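> I'd like to ask some things about the structure below.
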Amino acid sequence: MAETPEQKLRNLSDTAFWVAQYRAEETSRSDALFKDPLAAKLLEHRGKSIKEFMDRKNEISWPIVVRTYLIDSVVQQQVTNGVDTVLYLAAGLDTRPYRLSLPGDLTWIEVDLPELLNYKTDVLRGEVPNCQLQRISTDLTNYDQRDKLFQQVNNQSKKVLVITEGLLIYLAPEAVTELANHLSGYSGFYGWMMDLASPGLIKRLNRKLGDKLEAANAPFKFGPGEGPDFFEPLGWTRVEVHSFLKTAAALKRVNLWMRLLAMLPESQGKQGSKPWSAVCLFRNKKYRGE
């Protein structure tokens, strides 16, 4: 059966609706790992349609939910440890400033393309964030625009945590290298949190979803064989690596077979043909504060 225009993934920005649908479905569970009541408000009809088209068997649900849960936890920990600014690149339809318990004086900066940020601002008008929320429209592929933004954030902050959730996987290795080098050059940028996939997982996902992603000009590209060590020569030291599978097994969000599989040792460094993904936290070697 042919997909309808509402179902079809049109571009990279549409993945924000796809991911928000999983958050909305998790929120409705009695054993939800987090509550995101604004996710459903942001969806209109797009999220459910895209999710049904992209993931009819619901195979991607638990990784997205676990990723959200892990990033929530690390954000809360880092804010407690003195982060005064969160810089969220390609923020999409994320709602953490509204749903997490955050200090009122924390600065949270969402960066994305104007169309998506304008839509989000309109839908959430009247909702009150728990911190100082800013939204800045920037084309992150434009170095000059990106540099101006980074300089501004660096000058006004003491300890910045950068988040790239669900972004790097869509970038070519050369683009990730450029971004990593660029971010590391700002001495106020303390840490960088990201999700990372293995070459084996990229291959598996592209086998299942590649044609649909290619049609939207949003193929999965980045899954370094070095794993988190990819970022070491680019100015970033690995601090924490949280496996999706091991976390899901501990939370009993995967079946018995996968829980048994999660008991096997996992490399936190080099990755190969096995499916693997994790939330990783890195520290900037040039950070001025410590």
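Ligands are numbered from 1 in the order shown, chains are lettered A, B, ... in the order of the structure tokens, and residues start at 1 in each chain.
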For A:Asn181, find every residue with an atom within 10 Å (counting only C-alpha atoms), except residues of its own chain fewer than 3 positions away, and show them as a tab-separated table (two decimals) with C-alpha atoms, in the first residue's frame.

chain	number	residue	atom	x	y	z
A	175	ALA	CA	31.11	16.81	9.16
A	176	VAL	CA	31.27	15.25	12.63
A	177	THR	CA	35.02	15.81	12.73
A	178	GLU	CA	34.56	19.47	11.78
A	184	SER	CA	36.38	21.96	21.37
A	185	GLY	CA	37.82	25.36	20.51
A	186	TYR	CA	35.57	27.14	23.02
A	231	PHE	CA	36.52	11.93	19.53
A	233	PRO	CA	42.07	13.19	18.92
A	234	LEU	CA	39.43	15.87	18.29
A	235	GLY	CA	39.73	17.40	21.75
A	236	TRP	CA	37.28	15.32	23.76
> Would you please extract all helix (DSSP H, G or I) residues from stretch 16-143 of chain A, as assigned by DSSP on the backbone, and give them as a VMD selection string?
chain A and resid 16 to 27 37 to 43 46 to 54 61 to 80 96 to 99 114 to 123 143
> Would you mind reading off the distance between atom CA of A:Leu256 and atom CA of A:Phe244, one decimal, in Å?
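Here the two named atoms are 15.4 Å from each other.
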> Mind dumping a table of every stretch 213-261 of chain A residue within 12 Å of stretch 5-29 of chain A, with the nearest atom pair and its distance in Å to one decimal, using only C-alpha atoms, sorted by chain and rising number, as JSON lines?

{"residue": "A:Leu213", "atom": "CA", "partner": "A:Leu9", "partner_atom": "CA", "distance": 7.3}
{"residue": "A:Glu214", "atom": "CA", "partner": "A:Asn11", "partner_atom": "CA", "distance": 9.5}
{"residue": "A:Ala215", "atom": "CA", "partner": "A:Arg10", "partner_atom": "CA", "distance": 7.6}
{"residue": "A:Ala216", "atom": "CA", "partner": "A:Asn11", "partner_atom": "CA", "distance": 4.6}
{"residue": "A:Asn217", "atom": "CA", "partner": "A:Asn11", "partner_atom": "CA", "distance": 6.3}
{"residue": "A:Ala218", "atom": "CA", "partner": "A:Leu12", "partner_atom": "CA", "distance": 5.5}
{"residue": "A:Pro219", "atom": "CA", "partner": "A:Leu12", "partner_atom": "CA", "distance": 9.0}
{"residue": "A:Phe220", "atom": "CA", "partner": "A:Leu12", "partner_atom": "CA", "distance": 10.7}
{"residue": "A:Arg253", "atom": "CA", "partner": "A:Glu26", "partner_atom": "CA", "distance": 11.4}
> Can I get the selection written as a JSON list (two decimals), in the first residue's frame, with C-alpha atoms?

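Output file again_34.json follows:
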[["chain", "number", "residue", "atom", "x", "y", "z"],
["A", 213, "LEU", "CA", 15.50, 7.76, 4.79],
["A", 214, "GLU", "CA", 17.17, 8.19, 1.41],
["A", 215, "ALA", "CA", 13.90, 9.45, -0.05],
["A", 216, "ALA", "CA", 13.89, 12.17, 2.61],
["A", 217, "ASN", "CA", 17.57, 12.94, 2.01],
["A", 218, "ALA", "CA", 18.24, 11.85, 5.59],
["A", 219, "PRO", "CA", 20.25, 8.60, 5.47],
["A", 220, "PHE", "CA", 22.09, 7.25, 8.49],
["A", 253, "ARG", "CA", 12.26, -2.97, 28.51]]
> Give the answer as one residue: which of A:Val160, A:Val79, A:Ile169, A:Ala91 has the shortest atom-to-atom distance to A:Ser198, using only C-alpha atoms?
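Nearest to A:Ser198: A:Ile169.
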> Could you pull out all residues of stretch 156-274 of chain A with a DSSP call of strand (DSSP E or B) and give them as a list of chain:residue names?
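Here are the strand (DSSP E or B) residues of stretch 156-274 of chain A: A:Val160, A:Leu161, A:Val162, A:Ile163, A:Thr164, A:Phe189, A:Tyr190, A:Gly191, A:Trp192, A:Met193, A:Met194, A:Asp195, A:Leu196, A:Ala197, A:Trp236, A:Thr237, A:Arg238, A:Val239, A:Glu240, A:Val241, A:His242, A:Ser243.
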> Closest to A:Gln78 among A:Glu240, A:Glu226, A:Glu266, A:Asp139, using only C-alpha atoms?
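Comparing A:Glu240, A:Glu226, A:Glu266, A:Asp139 against A:Gln78, the winner is A:Glu240.
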> Need the shell around A:Gly269: protein/DNA/RNA residues with any atom at most 7 Å away, counting only C-alpha atoms. Skip same-chain ones fewer than 6 positions apart. Format as an MDAnalysis selection string?
chainID A and resid 226:229
> So how far away is atom CA of A:Phe282 from atom CA of A:Arg238, in Å?
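If I compute the distance from atom CA of A:Arg238 to atom CA of A:Phe282, I get 4.5 Å.
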> Using only C-alpha atoms, which residues sit within 6 Å of stretch 164-166 of chain A once same-chain residues fewer than 6 positions away are excluded, as a PyMOL selection string?
chain A and resi 89+194-195
> Just C-alpha atoms for this one: save the residues we selected as a CSV table (one decimal), in the first residue's frame.

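Once written, result07.csv looks like this:
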chain,number,residue,atom,x,y,z
A,89,LEU,CA,21.9,21.6,18.8
A,194,MET,CA,25.6,12.5,22.3
A,195,ASP,CA,24.1,9.2,21.2
> Residues within 12 Å of A:Tyr119, please, as a PyMOL selection string. Count only C-alpha atoms; anything in the same chain fewer than 2 positions from it doesn't count.
chain A and resi 13+16-17+41-44+92-93+112-117+121-125+135+137
> Extract, using only C-alpha atoms, all DNA, RNA and protein residues at most 6 Å from A:Gly200, discarding same-chain residues fewer than 6 positions from it, and format them as a PyMOL selection string.
chain A and resi 272-275
> Considering only C-alpha atoms, return as a PDB file with C-alpha atoms, in the first residue's frame whatever protein or nucleic-acid residues lie within 9 Å of A:Gln76, sequence-local ones (same chain, fewer than 5 positions apart) excluded.

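After the write, around_10.pdb holds the following:
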ATOM      1  CA  ILE A  71      19.940  11.834  28.568  1.00  0.00           C
ATOM      2  CA  ASN A  81      27.541  19.490  39.084  1.00  0.00           C
ATOM      3  CA  LEU A 100      12.738  18.288  33.983  1.00  0.00           C
ATOM      4  CA  SER A 101      13.343  19.708  37.435  1.00  0.00           C
ATOM      5  CA  LEU A 102      15.883  22.411  36.589  1.00  0.00           C
TER       6      LEU A 102
END
> With only C-alpha atoms as the atoms that count, which of A:Tyr170, A:Trp276, A:Trp192, A:Tyr69 lies nearest to A:Leu261?
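Between A:Tyr170, A:Trp276, A:Trp192, A:Tyr69, the residue approaching A:Leu261 most closely is A:Trp276.
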> Just to confirm, what's the straight-line distance from atom CA of A:Gln268 to atom CA of A:Val239 in Å (one decimal)?
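Taking atom CA of A:Gln268 as the start and atom CA of A:Val239 as the end point, the length is 10.9 Å.
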> Which residue out of A:Val162, A:Gly289, A:Leu87, A:Arg96 has the minimum interatomic distance to A:Ile136 when only C-alpha atoms are used?
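Nearest candidate to A:Ile136 out of A:Val162, A:Gly289, A:Leu87, A:Arg96: A:Leu87.
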> Hey, which of A:Leu245, A:Leu183, A:Leu251, A:Ile163 ends up closest to A:Asp72? Count only C-alpha atoms.
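Checking each of A:Leu245, A:Leu183, A:Leu251, A:Ile163 against A:Asp72, counting only C-alpha atoms, the winner is A:Ile163.
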> Which residue gives the smallest distance to A:Ser243 among A:Gly188, A:Pro37, A:Pro224, A:Pro63, with only C-alpha atoms counted?
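For A:Ser243, the nearest of the candidates is A:Pro63.
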